[in-house]
file data10.cif (mmCIF, C-alpha atoms)
data_work
loop_
_atom_site.label_atom_id
_atom_site.label_comp_id
_atom_site.auth_asym_id
_atom_site.auth_seq_id
_atom_site.Cartn_x
_atom_site.Cartn_y
_atom_site.Cartn_z
CA MET Y 1 38.68 -43.03 -11.90
CA SER Y 2 39.41 -44.21 -15.43
CA GLU Y 3 37.76 -42.93 -18.61
CA GLU Y 4 35.99 -46.28 -19.06
CA LEU Y 5 33.58 -45.25 -16.35
CA PHE Y 6 32.01 -42.69 -18.63
CA ASN Y 7 31.68 -45.04 -21.58
CA HIS Y 8 28.59 -46.17 -19.74
CA GLN Y 9 25.74 -46.28 -22.25
CA ASP Y 10 23.37 -44.07 -20.20
CA PHE Y 11 25.88 -41.23 -19.93
CA GLU Y 12 26.62 -41.46 -23.66
CA THR Y 13 22.87 -41.31 -24.28
CA LEU Y 14 22.69 -38.12 -22.21
CA LYS Y 15 25.51 -36.54 -24.22
CA SER Y 16 23.79 -37.48 -27.48
CA ILE Y 17 20.62 -35.65 -26.44
CA GLY Y 18 22.48 -32.35 -26.58
CA VAL Y 19 22.59 -29.20 -24.46
CA GLU Y 20 19.69 -27.35 -26.11
CA LYS Y 21 17.16 -30.17 -25.79
CA ILE Y 22 18.19 -30.90 -22.21
CA LYS Y 23 17.75 -27.20 -21.42
CA ARG Y 24 14.23 -27.19 -22.92
CA ASP Y 25 13.21 -30.38 -21.14
CA THR Y 26 14.63 -29.73 -17.69
CA LYS Y 27 14.95 -25.91 -17.51
CA ILE Y 28 18.53 -26.36 -16.24
CA ASP Y 29 20.84 -23.54 -17.31
CA ALA Y 30 22.87 -24.38 -20.43
CA SER Y 31 26.18 -23.63 -18.72
CA ARG Y 32 25.32 -26.08 -15.93
CA ILE Y 33 24.42 -28.78 -18.46
CA LEU Y 34 27.71 -28.28 -20.26
CA ASP Y 35 29.60 -28.51 -16.95
CA ILE Y 36 27.90 -31.85 -16.29
CA LEU Y 37 28.63 -33.23 -19.75
CA GLU Y 38 32.25 -32.04 -19.56
CA ARG Y 39 32.58 -33.39 -15.98
CA ARG Y 40 33.70 -30.07 -14.51
CA PHE Y 41 33.21 -31.19 -10.94
CA GLU Y 42 34.76 -28.05 -9.46
CA LYS Y 43 31.75 -26.05 -10.69
CA PHE Y 44 29.36 -27.75 -8.23
CA ASP Y 45 28.99 -28.32 -4.54
CA TYR Y 46 27.84 -31.86 -3.85
CA ILE Y 47 24.24 -31.02 -3.00
CA ARG Y 48 23.66 -29.15 -6.25
CA ALA Y 49 25.50 -31.80 -8.29
CA LYS Y 50 23.33 -34.52 -6.77
CA GLY Y 51 20.20 -32.48 -7.46
CA PHE Y 52 21.02 -31.88 -11.15
CA ILE Y 53 21.88 -35.54 -11.71
CA HIS Y 54 18.62 -36.59 -10.06
CA ILE Y 55 16.66 -34.31 -12.42
CA LEU Y 56 18.41 -35.75 -15.47
CA GLU Y 57 17.91 -39.35 -14.32
CA LYS Y 58 14.22 -38.75 -13.72
CA GLU Y 59 13.64 -36.89 -17.01
CA TYR Y 60 15.37 -39.41 -19.29
CA ARG Y 61 15.18 -42.59 -17.13
CA LEU Y 62 18.96 -42.94 -17.07
CA ASP Y 63 21.42 -44.30 -14.53
CA LEU Y 64 24.04 -41.57 -13.97
CA SER Y 65 25.41 -42.89 -10.68
CA SER Y 66 28.83 -43.21 -12.34
CA TRP Y 67 28.95 -39.40 -12.65
CA LEU Y 68 28.34 -38.98 -8.93
CA GLU Y 69 30.81 -41.72 -8.09
CA GLU Y 70 33.61 -39.93 -9.94
CA TYR Y 71 32.52 -36.60 -8.40
CA ARG Y 72 33.03 -38.07 -4.92
CA LEU Y 73 36.42 -39.45 -5.86
CA VAL Y 74 37.68 -36.25 -7.50
CA HIS Y 75 35.95 -33.54 -5.53
CA LEU Y 76 35.45 -35.06 -2.10
CA SER Y 77 38.44 -37.43 -2.13
CA CYS Y 78 36.43 -40.24 -0.56
CA GLN Y 79 33.45 -42.50 -1.22
CA SER Y 80 32.07 -42.93 2.25
CA ASP Y 81 28.71 -41.71 3.47
CA THR Y 82 30.62 -39.43 5.82
CA CYS Y 83 31.83 -37.30 2.91
CA GLU Y 84 28.33 -37.00 1.60
CA ASP Y 85 27.07 -35.93 5.03
CA GLN Y 86 29.88 -33.40 5.31
CA ALA Y 87 29.04 -31.97 1.89
CA GLU Y 88 25.39 -31.64 2.84
CA GLU Y 89 26.28 -29.99 6.14
CA GLU Y 90 28.54 -27.50 4.34
CA TYR Y 91 25.76 -26.73 1.89
CA HIS Y 92 23.33 -25.94 4.70
CA LYS Y 93 25.95 -23.76 6.38
CA LYS Y 94 26.21 -21.72 3.19
CA ILE Y 95 22.44 -21.35 3.08
CA ARG Y 96 22.39 -20.16 6.70
CA ARG Y 97 25.13 -17.64 6.01
CA LYS Y 98 23.21 -16.27 3.04
CA LYS Y 99 20.09 -15.95 5.17
CA MET Y 100 22.00 -14.03 7.82
CA VAL Y 101 23.42 -11.67 5.20
CA PHE Y 102 19.93 -11.15 3.77
CA ILE Y 103 18.42 -10.45 7.20
CA GLY Y 104 21.22 -8.02 8.02
CA GLY Y 105 20.70 -6.20 4.74
CA LEU Y 106 16.96 -6.04 5.35
CA VAL Y 107 17.47 -4.52 8.81
CA VAL Y 108 19.79 -1.87 7.37
CA PHE Y 109 17.28 -1.12 4.59
CA LEU Y 110 14.40 -0.70 7.05
CA PHE Y 111 16.50 1.56 9.26
CA VAL Y 112 17.42 3.80 6.31
CA ALA Y 113 13.78 3.81 5.15
CA LEU Y 114 12.61 4.96 8.59
CA LEU Y 115 15.16 7.76 8.61
CA LEU Y 116 14.01 8.93 5.16
CA LEU Y 117 10.36 8.74 6.23
CA ALA Y 118 11.06 10.83 9.33
CA LYS Y 119 12.86 13.39 7.18
CA LEU Y 120 9.94 13.55 4.73
CA LEU Y 121 7.46 14.01 7.56
CA LYS Y 122 9.48 16.89 8.98
CA SER Y 123 9.66 18.45 5.52
CA ASP Y 124 5.89 18.13 5.17
CA GLU Y 125 5.41 19.85 8.53
CA ARG Y 126 7.55 22.78 7.38
CA ILE Y 127 5.40 23.18 4.28
CA ASP Y 128 2.22 23.03 6.34
CA THR Y 129 3.36 25.95 8.50
CA GLN Y 130 3.02 28.19 5.44
CA SER Y 131 -0.66 27.32 4.88
CA SER Y 132 -3.71 29.30 5.98
CA THR Y 133 -4.78 30.03 9.58
CA ILE Y 134 -7.38 27.27 9.36
CA GLU Y 135 -4.67 24.71 8.60
CA LYS Y 136 -2.51 25.85 11.51
CA GLN Y 137 -5.35 25.69 14.00
CA THR Y 138 -6.49 22.31 12.71
CA ARG Y 139 -2.97 20.89 12.99
CA SER Y 140 -2.73 21.96 16.63
CA GLN Y 141 -5.71 19.69 17.40
CA GLU Y 142 -4.66 16.63 15.40
CA GLU Y 143 -3.37 14.73 18.42
CA ASP Y 144 -6.67 15.11 20.31
CA PHE Y 145 -9.14 12.48 19.30
CA VAL Y 146 -12.65 13.87 19.52
CA ALA Y 147 -15.34 11.38 20.42
CA GLU Y 148 -18.28 11.20 18.03
CA ASN Y 149 -21.47 12.98 19.06
CA ASN Y 150 -19.58 15.42 21.29
CA GLU Y 151 -21.60 18.59 20.95
CA ASP Y 152 -19.07 20.74 22.82
CA ILE Y 153 -16.34 20.60 20.17
CA GLN Y 154 -15.69 23.79 18.23
CA PRO Y 155 -14.29 24.14 14.71
CA PRO Y 156 -10.60 25.12 14.43
CA HIS Y 157 -11.35 28.82 13.93
CA GLU Y 158 -14.08 29.72 16.41
CA GLU Y 159 -15.62 33.19 15.92
CA ASN Y 160 -18.75 35.16 16.65
CA VAL Y 161 -20.95 34.31 13.68
CA VAL Y 162 -23.68 36.75 14.60
CA GLU Y 163 -21.23 39.68 14.71
CA LYS Y 164 -19.46 38.63 11.51
CA ASN Y 165 -22.68 38.40 9.54
CA LYS Y 166 -24.16 41.59 10.90
CA GLY Y 167 -24.74 43.90 7.97
CA LEU Y 168 -25.61 41.15 5.51
CA GLY Y 169 -29.00 42.69 5.01
CA GLU Y 170 -31.04 44.04 2.16
CA GLU Y 171 -28.20 46.35 1.04
CA ASP Y 172 -26.19 43.56 -0.58
CA GLY Y 173 -29.16 41.28 -1.22
CA GLN Y 174 -27.18 38.15 -0.24
CA SER Y 175 -29.14 37.36 2.91
CA GLN Y 176 -32.46 37.81 1.10
CA VAL Y 177 -31.44 35.41 -1.71
CA VAL Y 178 -30.49 32.69 0.76
CA ILE Y 179 -33.68 33.00 2.78
CA ASN Y 180 -35.80 32.66 -0.35
CA LYS Y 181 -34.29 29.23 -1.15
CA SER Y 182 -35.35 25.86 0.22
CA LEU Y 183 -32.76 23.45 1.58
CA ASN Y 184 -33.03 21.38 -1.62
CA GLU Y 185 -32.01 24.42 -3.72
CA LEU Y 186 -29.02 25.66 -1.75
CA GLY Y 187 -25.62 25.68 -3.50
CA THR Y 188 -24.78 23.56 -6.52
CA PRO Y 189 -25.00 19.75 -7.01
CA ILE Y 190 -21.72 17.88 -6.60
CA PHE Y 191 -22.55 15.17 -9.14
CA GLY Y 192 -24.94 17.06 -11.39
CA GLU Y 193 -28.12 15.16 -12.13
CA ILE Y 194 -26.87 11.84 -10.74
CA LYS Y 195 -29.38 10.48 -8.24
CA ILE Y 196 -27.95 9.59 -4.82
CA SER Y 197 -29.98 6.89 -3.08
CA SER Y 198 -30.84 7.29 0.57
CA GLY Y 199 -28.67 5.15 2.82
CA GLU Y 200 -25.54 5.33 0.67
CA ILE Y 201 -22.21 6.24 2.28
CA LEU Y 202 -20.47 9.56 1.68
CA SER Y 203 -16.68 9.08 1.94
CA LEU Y 204 -14.21 11.90 2.63
CA VAL Y 205 -10.49 11.05 2.40
CA PHE Y 206 -7.84 13.60 3.47
CA GLU Y 207 -4.05 13.49 3.25
CA ARG Y 208 -3.78 14.06 7.01
CA PRO Y 209 -6.19 14.24 10.00
CA ILE Y 210 -8.65 17.14 9.57
CA TRP Y 211 -11.55 18.49 11.64
CA VAL Y 212 -14.98 17.67 10.13
CA GLY Y 213 -18.32 18.46 11.76
CA VAL Y 214 -21.70 16.94 10.85
CA VAL Y 215 -25.10 18.41 11.79
CA ASP Y 216 -28.29 16.32 11.68
CA LEU Y 217 -30.83 18.85 10.37
CA GLN Y 218 -33.76 16.89 11.81
CA SER Y 219 -32.58 16.39 15.38
CA LYS Y 220 -30.01 19.27 15.35
CA LYS Y 221 -27.56 16.81 16.87
CA ARG Y 222 -23.91 17.54 16.10
CA SER Y 223 -20.86 15.29 15.87
CA ALA Y 224 -17.24 16.01 15.01
CA GLN Y 225 -13.93 14.21 14.68
CA ILE Y 226 -10.35 14.87 13.65
CA GLN Y 227 -9.12 12.07 11.38
CA LYS Y 228 -8.10 11.28 7.79
CA THR Y 229 -11.12 9.27 6.61
CA PHE Y 230 -14.83 9.81 7.22
CA GLU Y 231 -17.74 7.51 6.32
CA ILE Y 232 -21.01 9.47 6.62
CA PRO Y 233 -24.32 7.62 6.01
CA LEU Y 234 -26.76 9.55 3.81
CA ASP Y 235 -29.84 8.41 5.68
CA ARG Y 236 -31.17 11.87 6.62
CA GLU Y 237 -30.67 15.58 5.94
CA ARG Y 238 -27.18 16.63 6.99
CA LEU Y 239 -24.84 19.60 6.99
CA ILE Y 240 -21.12 18.86 6.64
CA TYR Y 241 -18.42 21.37 7.60
CA SER Y 242 -14.82 20.56 6.62
CA ALA Y 243 -12.17 22.89 8.06
CA TYR Y 244 -9.82 22.14 5.17
CA GLY Y 245 -10.85 21.71 1.55
CA SER Y 246 -8.19 19.37 0.13
CA PHE Y 247 -9.75 15.90 -0.03
CA LYS Y 248 -11.45 13.29 -2.22
CA LEU Y 249 -15.23 12.97 -1.94
CA SER Y 250 -16.94 9.83 -3.20
CA VAL Y 251 -20.32 8.11 -3.14
CA GLY Y 252 -20.25 4.65 -4.67
CA SER Y 253 -18.42 4.96 -8.02
CA ASN Y 254 -18.88 8.75 -8.16
CA GLU Y 255 -15.83 10.79 -7.12
CA MET Y 256 -14.84 14.45 -6.93
CA ARG Y 257 -11.58 16.08 -5.81
CA PHE Y 258 -11.44 19.31 -3.81
CA ASN Y 259 -8.13 21.19 -3.64
CA THR Y 260 -8.20 24.35 -1.55
CA TYR Y 261 -7.02 25.53 1.85
CA LYS Y 262 -10.41 27.10 2.56
CA PRO Y 263 -13.26 25.37 4.42
CA ILE Y 264 -15.83 23.41 2.44
CA PHE Y 265 -19.53 23.37 3.33
CA LEU Y 266 -21.85 20.61 2.08
CA ILE Y 267 -25.49 19.76 2.49
CA TYR Y 268 -27.35 16.52 1.79
CA THR Y 269 -31.10 16.21 1.31
CA PRO Y 270 -32.92 13.26 -0.30
CA SER Y 271 -34.42 15.58 -2.93
CA GLY Y 272 -31.41 17.79 -3.60
CA GLY Y 273 -28.65 15.20 -3.24
CA ILE Y 274 -25.15 16.28 -2.19
CA ARG Y 275 -24.53 19.97 -2.82
CA GLN Y 276 -21.69 22.38 -2.12
CA ILE Y 277 -22.95 25.52 -0.38
CA SER Y 278 -21.50 28.87 0.66
CA LYS Y 279 -20.76 29.93 4.22
CA GLU Y 280 -23.88 32.11 4.24
CA GLU Y 281 -26.03 29.23 3.00
CA TYR Y 282 -24.57 26.97 5.66
CA LEU Y 283 -25.41 29.51 8.37
CA PHE Y 284 -28.93 29.87 7.00
CA ALA Y 285 -29.50 26.09 7.03
CA ASN Y 286 -27.98 25.82 10.53
CA GLY Y 287 -30.16 28.55 12.01
CA GLY Y 288 -27.44 31.22 12.00
CA VAL Y 289 -25.04 29.12 14.10
CA GLU Y 290 -21.61 28.16 12.80
CA TRP Y 291 -21.28 25.15 15.10
#

call {"tool": "encode", "arguments": {"input": "data10.cif", "output": "structure tokens"}}
result
Amino acid sequence: MSEELFNHQDFETLKSIGVEKIKRDTKIDASRILDILERRFEKFDYIRAKGFIHILEKEYRLDLSSWLEEYRLVHLSCQSDTCEDQAEEEYHKKIRRKKMVFIGGLVVFLFVALLLLAKLLKSDERIDTQSSTIEKQTRSQEEDFVAENNEDIQPPHEENVVEKNKGLGEEDGQSQVVINKSLNELGTPIFGEIKISSGEILSLVFERPIWVGVVDLQSKKRSAQIQKTFEIPLDRERLIYSAYGSFKLSVGSNEMRFNTYKPIFLIYTPSGGIRQISKEEYLFANGGVEW
């Protein structure tokens, strides 16, 4: 096509607007705008060229059909609708190929991620084998889901509590101190003087499934589960026995972190709130029975 085609007033108007203003108005990349103004048809496939020209025509109310007409003559070597259809079909083929490449890359990424995750899990298991006896025994039960309110379940390290605590008499004074305390005075408060309302939820979050037992001090009913998260309603006096002491405890906006391999014993009473207690205090509150 001859140069007279682009002496069309609308195209000259577009050139006079300038690259920077067109970029601000249309958000088209400056290099693309310059390619259009310089008629570098080889820089575009037909679908993109048509799209850019449509944006410019709409923004500045110009007729730039002459640009597309020369594009078809130079780039597509024909003016028929068939060429336009072929260009659009080729464009969609490119899009489909890109999608296939993306999906293939995503599959490879997920496969590698699963391999890395499996390797990390195995590494974590090797570290866990070096932890305390309580950890090892707890881990051996992780695959067995324990139904709530099952009174037959035993903590991970079952032992004869009566025999173990024999000798805790007046000689060391420990047993006498515990007996002289009420349930509200056992141990130390978890959240200091903060008042815990009855009916709130005590949340325990572990890094992996752990055995936790709960004793209702009024009915003496027991329940236990092995899982990562526990939601315990504070609607009555309760004893809580965690076989592993690395977890986050929270009630509402109040939080506390425990970080130990040893068991943790807790008690809740409406008057005393949530308190951490010793093993001896737990046995006292539970009538001398560990579980």

call {"tool": "residues_around", "arguments": {"input": "data10.cif", "residues": "stretch 261-270 of chain Y", "least_positions_apart": "6", "cutoff": "8 Å", "atoms": "only C-alpha atoms", "output": "ChimeraX atom specification"}}
result
/Y:131-132,134-135,183-184,196-198,234,236-246,276-279,282

call {"tool": "atom_distance", "arguments": {"input": "data10.cif", "atom1": "atom CA of Y:Asp25", "atom2": "atom CA of Y:Trp67"}}
result
20.0 Å

call {"tool": "closest_residue", "arguments": {"input": "data10.cif", "among": "Y:Ile274, Y:Ile201, Y:Val19, Y:Ala49", "to": "Y:Leu37", "atoms": "all atoms listed in the file"}}
result
Y:Val19

call {"tool": "atom_distance", "arguments": {"input": "data10.cif", "atom1": "atom CA of Y:Arg61", "atom2": "atom CA of Y:Ala30"}}
result
20.0 Å

call {"tool": "atom_distance", "arguments": {"input": "data10.cif", "atom1": "atom CA of Y:Lys195", "atom2": "atom CA of Y:Lys228"}}
result
26.7 Å

call {"tool": "residues_around", "arguments": {"input": "data10.cif", "residues": "stretch 10-16 of chain Y", "least_positions_apart": "5", "cutoff": "9 Å", "atoms": "all atoms listed in the file", "output": "PyMOL selection string"}}
result
chain Y and resi 22+37+56+60-64+66-67

call {"tool": "residues_near_point", "arguments": {"input": "data10.cif", "point": "(-21.8, 16.9, 14.3)", "cutoff": "6 Å", "atoms": "only C-alpha atoms", "output": "ChimeraX atom specification"}}
result
/Y:213-215,222-224

call {"tool": "write_last_selection", "arguments": {"input": "data10.cif", "atoms": "C-alpha atoms", "output": "mmCIF file, keeping the file's coordinate frame"}}
result
data_model
loop_
_atom_site.group_PDB
_atom_site.id
_atom_site.type_symbol
_atom_site.label_atom_id
_atom_site.label_comp_id
_atom_site.auth_asym_id
_atom_site.auth_seq_id
_atom_site.Cartn_x
_atom_site.Cartn_y
_atom_site.Cartn_z
ATOM 1 C CA GLY Y 213 -18.320 18.460 11.760
ATOM 2 C CA VAL Y 214 -21.700 16.940 10.850
ATOM 3 C CA VAL Y 215 -25.100 18.410 11.790
ATOM 4 C CA ARG Y 222 -23.910 17.540 16.100
ATOM 5 C CA SER Y 223 -20.860 15.290 15.870
ATOM 6 C CA ALA Y 224 -17.240 16.010 15.010
#

call {"tool": "closest_residue", "arguments": {"input": "data10.cif", "among": "Y:Lys221, Y:Arg257, Y:Arg96, Y:Lys181", "to": "Y:Val205", "atoms": "all atoms listed in the file"}}
result
Y:Arg257

call {"tool": "closest_residue", "arguments": {"input": "data10.cif", "among": "Y:Leu186, Y:Lys119, Y:Asp235, Y:Arg97", "to": "Y:Leu283", "atoms": "only C-alpha atoms"}}
result
Y:Leu186

call {"tool": "closest_residue", "arguments": {"input": "data10.cif", "among": "Y:Arg24, Y:Asn286, Y:Glu255, Y:Val108", "to": "Y:Lys220", "atoms": "all atoms listed in the file"}}
result
Y:Asn286

call {"tool": "resolve_selection", "arguments": {"input": "data10.cif", "expression": "the PyMOL selection byres ((chain Y and resi 52) around 12)", "output": "VMD selection string"}}
result
chain Y and resid 22 to 23 26 to 29 32 to 37 44 to 51 53 to 59 64 to 65 67 to 68

call {"tool": "residues_near_point", "arguments": {"input": "data10.cif", "point": "(-26.9, 23.5, -5.9)", "cutoff": "7 Å", "atoms": "all atoms listed in the file", "output": "list in words"}}
result
Glu185, Leu186, Gly187, Thr188, Pro189, Arg275 and Gln276 of chain Y

call {"tool": "closest_residue", "arguments": {"input": "data10.cif", "among": "Y:Glu231, Y:Gly18, Y:Arg40, Y:Gln225", "to": "Y:Pro155", "atoms": "all atoms listed in the file"}}
result
Y:Gln225

call {"tool": "closest_residue", "arguments": {"input": "data10.cif", "among": "Y:Met100, Y:Ile194, Y:Ala285, Y:Leu249", "to": "Y:Gly272", "atoms": "only C-alpha atoms"}}
result
Y:Ile194

call {"tool": "decode", "arguments": {"input": "data10.cif", "residues": "stretch 12-31 of chain Y", "atoms": "N, CA, C and O atoms", "output": "PDB file, in the first residue's frame"}}
result
ATOM      1  N   GLU Y  12      -2.663  10.846  11.531  1.00  0.00           N
ATOM      2  CA  GLU Y  12      -1.767  11.964  11.835  1.00  0.00           C
ATOM      3  C   GLU Y  12      -2.099  12.572  13.188  1.00  0.00           C
ATOM      4  O   GLU Y  12      -1.214  12.995  13.942  1.00  0.00           O
ATOM      5  N   THR Y  13      -3.390  12.597  13.511  1.00  0.00           N
ATOM      6  CA  THR Y  13      -3.810  13.107  14.830  1.00  0.00           C
ATOM      7  C   THR Y  13      -3.247  12.224  15.935  1.00  0.00           C
ATOM      8  O   THR Y  13      -2.764  12.715  16.959  1.00  0.00           O
ATOM      9  N   LEU Y  14      -3.300  10.908  15.719  1.00  0.00           N
ATOM     10  CA  LEU Y  14      -2.755   9.976  16.712  1.00  0.00           C
ATOM     11  C   LEU Y  14      -1.261  10.211  16.919  1.00  0.00           C
ATOM     12  O   LEU Y  14      -0.779  10.247  18.053  1.00  0.00           O
ATOM     13  N   LYS Y  15      -0.528  10.397  15.817  1.00  0.00           N
ATOM     14  CA  LYS Y  15       0.913  10.626  15.931  1.00  0.00           C
ATOM     15  C   LYS Y  15       1.202  11.921  16.680  1.00  0.00           C
ATOM     16  O   LYS Y  15       2.171  12.016  17.448  1.00  0.00           O
ATOM     17  N   SER Y  16       0.350  12.932  16.468  1.00  0.00           N
ATOM     18  CA  SER Y  16       0.586  14.224  17.116  1.00  0.00           C
ATOM     19  C   SER Y  16       0.339  14.164  18.628  1.00  0.00           C
ATOM     20  O   SER Y  16       0.863  14.980  19.379  1.00  0.00           O
ATOM     21  N   ILE Y  17      -0.460  13.214  19.064  1.00  0.00           N
ATOM     22  CA  ILE Y  17      -0.715  13.091  20.508  1.00  0.00           C
ATOM     23  C   ILE Y  17       0.554  12.720  21.250  1.00  0.00           C
ATOM     24  O   ILE Y  17       0.817  13.200  22.360  1.00  0.00           O
ATOM     25  N   GLY Y  18       1.369  11.866  20.664  1.00  0.00           N
ATOM     26  CA  GLY Y  18       2.651  11.524  21.268  1.00  0.00           C
ATOM     27  C   GLY Y  18       2.592  10.260  22.116  1.00  0.00           C
ATOM     28  O   GLY Y  18       1.555   9.902  22.683  1.00  0.00           O
ATOM     29  N   VAL Y  19       3.749   9.589  22.203  1.00  0.00           N
ATOM     30  CA  VAL Y  19       3.839   8.306  22.899  1.00  0.00           C
ATOM     31  C   VAL Y  19       3.493   8.428  24.377  1.00  0.00           C
ATOM     32  O   VAL Y  19       2.737   7.621  24.930  1.00  0.00           O
ATOM     33  N   GLU Y  20       4.038   9.418  25.058  1.00  0.00           N
ATOM     34  CA  GLU Y  20       3.863   9.526  26.514  1.00  0.00           C
ATOM     35  C   GLU Y  20       2.410   9.729  26.902  1.00  0.00           C
ATOM     36  O   GLU Y  20       1.917   9.122  27.842  1.00  0.00           O
ATOM     37  N   LYS Y  21       1.708  10.598  26.192  1.00  0.00           N
ATOM     38  CA  LYS Y  21       0.302  10.845  26.534  1.00  0.00           C
ATOM     39  C   LYS Y  21      -0.553   9.618  26.228  1.00  0.00           C
ATOM     40  O   LYS Y  21      -1.453   9.262  26.998  1.00  0.00           O
ATOM     41  N   ILE Y  22      -0.271   8.978  25.078  1.00  0.00           N
ATOM     42  CA  ILE Y  22      -1.026   7.768  24.742  1.00  0.00           C
ATOM     43  C   ILE Y  22      -0.812   6.699  25.821  1.00  0.00           C
ATOM     44  O   ILE Y  22      -1.746   6.001  26.226  1.00  0.00           O
ATOM     45  N   LYS Y  23       0.431   6.590  26.299  1.00  0.00           N
ATOM     46  CA  LYS Y  23       0.733   5.609  27.344  1.00  0.00           C
ATOM     47  C   LYS Y  23      -0.062   5.903  28.612  1.00  0.00           C
ATOM     48  O   LYS Y  23      -0.626   5.000  29.233  1.00  0.00           O
ATOM     49  N   ARG Y  24      -0.123   7.192  28.991  1.00  0.00           N
ATOM     50  CA  ARG Y  24      -0.885   7.560  30.206  1.00  0.00           C
ATOM     51  C   ARG Y  24      -2.370   7.298  30.040  1.00  0.00           C
ATOM     52  O   ARG Y  24      -3.050   6.844  30.953  1.00  0.00           O
ATOM     53  N   ASP Y  25      -2.898   7.580  28.849  1.00  0.00           N
ATOM     54  CA  ASP Y  25      -4.337   7.472  28.635  1.00  0.00           C
ATOM     55  C   ASP Y  25      -4.803   6.027  28.480  1.00  0.00           C
ATOM     56  O   ASP Y  25      -5.888   5.668  28.934  1.00  0.00           O
ATOM     57  N   THR Y  26      -4.003   5.210  27.817  1.00  0.00           N
ATOM     58  CA  THR Y  26      -4.462   3.865  27.461  1.00  0.00           C
ATOM     59  C   THR Y  26      -3.777   2.749  28.231  1.00  0.00           C
ATOM     60  O   THR Y  26      -4.214   1.600  28.173  1.00  0.00           O
ATOM     61  N   LYS Y  27      -2.671   3.070  28.934  1.00  0.00           N
ATOM     62  CA  LYS Y  27      -1.881   2.074  29.670  1.00  0.00           C
ATOM     63  C   LYS Y  27      -1.192   1.071  28.737  1.00  0.00           C
ATOM     64  O   LYS Y  27      -0.696   0.037  29.194  1.00  0.00           O
ATOM     65  N   ILE Y  28      -1.150   1.357  27.443  1.00  0.00           N
ATOM     66  CA  ILE Y  28      -0.417   0.497  26.512  1.00  0.00           C
ATOM     67  C   ILE Y  28       1.073   0.770  26.682  1.00  0.00           C
ATOM     68  O   ILE Y  28       1.493   1.913  26.862  1.00  0.00           O
ATOM     69  N   ASP Y  29       1.885  -0.273  26.610  1.00  0.00           N
ATOM     70  CA  ASP Y  29       3.321  -0.119  26.772  1.00  0.00           C
ATOM     71  C   ASP Y  29       3.874   0.821  25.686  1.00  0.00           C
ATOM     72  O   ASP Y  29       3.456   0.795  24.530  1.00  0.00           O
ATOM     73  N   ALA Y  30       4.855   1.666  26.093  1.00  0.00           N
ATOM     74  CA  ALA Y  30       5.408   2.668  25.189  1.00  0.00           C
ATOM     75  C   ALA Y  30       6.020   2.039  23.939  1.00  0.00           C
ATOM     76  O   ALA Y  30       5.899   2.576  22.831  1.00  0.00           O
ATOM     77  N   SER Y  31       6.673   0.885  24.099  1.00  0.00           N
ATOM     78  CA  SER Y  31       7.288   0.241  22.941  1.00  0.00           C
ATOM     79  C   SER Y  31       6.234  -0.227  21.948  1.00  0.00           C
ATOM     80  O   SER Y  31       6.435  -0.163  20.728  1.00  0.00           O
TER      81      SER Y  31
END
